[in-house]
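Peer 1: Before anything else, here's the structure in question.
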Amino acid sequence: MALPSQLKPIQHHLRTAQEHEKRDPVVAYYCRLYAMQTGMKLDSKTPECRKFLVKLMDQLEMMKKELSDNESMTQEIVGNAHIENYALKMFLYADSEDRSGRFHKNMIKSFYTSSLLFDVLSVFGELSDENIQHRKYAKWKAAYIHNCLKNGETPQPGPIGMEGEAYDDEFGAEGGGPSEAPHNPPQPQASFHGHPSNQPPASNFSNIQIPPGSHTPANTPAEIPHPEGDVRLTPEDFTRAQKYCKYAGSALQYEDVGTAIQNLQKALKLLTTGKE
């Protein structure tokens, strides 16, 4: 069924869902859920939009039944961690390629798809400031590099001054989209801490904080704090500790040991000291 023109803003999210249908059905489900929620706000009254959205709802219900034994579906906190980790993996892969001066269609798609997945995270609640910055940077980078290559220019790597780059539909319609992006992007060595010495600091994107786990050596020893006397944990503390453990479990699905260690250490510190 063709997408009504009023719902055009969700076309790339739906395409991302389609491309992840078999590779990662959880990503596909939440992309469609975001598209449905956004579509309802855009136009749920005109007959063609209502018909399209009802069909999308049916599809979501079917997927929910098929994935009913998946923790990422039954526990929101696990689903949130799954999408966030996946978005960061794509973002870090593209950022590593960018900083190494390897500009190609695959990394452009990875930047843009990560920005779409940061959109999708809003189904779980408000985005963190960090993820808002990641989304803006990734969307701008995808457009900037795409436009440079299209015009025969060499892009500048790293967080250069952000200019007004328009993302056009020509890029979104090219090729097969993020299905070309690697299933498990390699772990990059670069992070946003600092910037290349030959690049001037520009805007606040040279200071974006990527989770330390993304570049922490896998063999970082855990510093186990000794339990402090009379630690009284609140229900909120237990919820936060559970969240860190869930995030660690999700990171291990991607063999991301650094992030898993980081989150387990946070949980351990909270449980032994009552502080984060």
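Residue numbering restarts at 1 in every chain; chains get A, B, ... in the order shown in the structure tokens, and ligands count up from 1 in that same order.
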Show me, as a list in words, the residues that have an atom within 6 Å of range 98-112 of chain A when counting only C-alpha atoms, minus same-chain residues fewer than 2 positions from it.

Peer 2: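 Once the nearby chain positions are removed, what remains is Met90, Phe91, Ala94, Asp95, Ser96, Ser114, Ser115, Ala138, Lys139, Ala142, Pro157, Gly158, Pro178 and Ala181 of chain A.
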
Peer 1: Report as a PyMOL selection string all protein, DNA and RNA residues lying within 10 Å of Val54 in chain A, evaluated on only C-alpha atoms, omitting residues in the same chain fewer than 6 positions from it.

Peer 2: chain A and resi 36+44+60

Peer 1: Please, what distance in Å, to one decimal, runs between CA of Phe238 in chain A and CA of Glu126 in chain A?

Peer 2: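 Between these atoms lies a distance of 21.8 Å.
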
Peer 1: Compare A:Ala267, A:Leu117, A:Ala17, A:Val27 by their minimum atom-to-atom distance to Ile132 in chain A, counting only C-alpha atoms, and give me the closest one.

Peer 2: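 Checking each candidate against Ile132 in chain A, we get A:Leu117 as the closest.
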
Peer 1: Counting only C-alpha atoms, figure out which residue out of A:Ser250, A:Gln133, A:Thr234, A:Ser5 gets nearest to Ser72 in chain A.

Peer 2: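 Among the listed residues, the smallest separation from Ser72 in chain A belongs to A:Ser250.
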
Peer 1: Need to verify the contact set: Asn131 in chain A, 9 Å, only C-alpha atoms, exclusion of same-chain residues closer than 6 positions in sequence. Can you return it as a VMD selection string?

Peer 2: chain A and resid 84 118 121

Peer 1: Find the residues of range 40-91 of chain A that sit at most 12 Å from range 8-14 of chain A; for each, write down the nearest two atoms and how far apart they are in Å, to one decimal. Count only C-alpha atoms. Sort by chain, then by number going up, and give it as a tab-separated table.

Peer 2:
residue	atom	partner	partner_atom	distance
A:Met40	CA	A:Ile10	CA	10.8
A:Lys41	CA	A:Ile10	CA	11.2
A:Leu42	CA	A:Pro9	CA	8.7
A:Asp43	CA	A:Lys8	CA	10.8
A:Cys49	CA	A:Lys8	CA	10.8
A:Leu53	CA	A:Ile10	CA	11.5
A:Leu56	CA	A:Leu14	CA	9.9
A:Gln59	CA	A:Leu14	CA	11.9

Peer 1: For the residues in that selection, give me N, CA and C atoms as an mmCIF file, in the first residue's frame.

Peer 2:
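Writing done, so here's again-v5.cif:
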data_model
loop_
_atom_site.group_PDB
_atom_site.id
_atom_site.type_symbol
_atom_site.label_atom_id
_atom_site.label_comp_id
_atom_site.auth_asym_id
_atom_site.auth_seq_id
_atom_site.Cartn_x
_atom_site.Cartn_y
_atom_site.Cartn_z
ATOM 1 N N MET A 40 -0.159 9.164 13.411
ATOM 2 C CA MET A 40 -1.428 9.562 14.033
ATOM 3 C C MET A 40 -1.454 11.059 14.304
ATOM 4 N N LYS A 41 -0.288 11.622 14.637
ATOM 5 C CA LYS A 41 -0.218 13.062 14.901
ATOM 6 C C LYS A 41 -0.260 13.864 13.593
ATOM 7 N N LEU A 42 0.328 13.269 12.534
ATOM 8 C CA LEU A 42 0.383 13.977 11.251
ATOM 9 C C LEU A 42 -0.997 14.090 10.609
ATOM 10 N N ASP A 43 -1.688 12.934 10.501
ATOM 11 C CA ASP A 43 -3.012 12.923 9.866
ATOM 12 C C ASP A 43 -3.678 11.569 10.094
ATOM 13 N N CYS A 49 -5.114 8.159 4.817
ATOM 14 C CA CYS A 49 -4.187 8.057 5.957
ATOM 15 C C CYS A 49 -4.733 7.094 7.008
ATOM 16 N N LEU A 53 -2.839 3.744 8.323
ATOM 17 C CA LEU A 53 -2.468 3.601 9.734
ATOM 18 C C LEU A 53 -3.139 2.377 10.378
ATOM 19 N N LEU A 56 -1.148 -0.504 9.372
ATOM 20 C CA LEU A 56 0.099 -0.501 10.140
ATOM 21 C C LEU A 56 -0.135 -1.026 11.560
ATOM 22 N N GLN A 59 -0.371 -4.736 11.460
ATOM 23 C CA GLN A 59 0.973 -5.305 11.298
ATOM 24 C C GLN A 59 1.709 -5.336 12.648
#
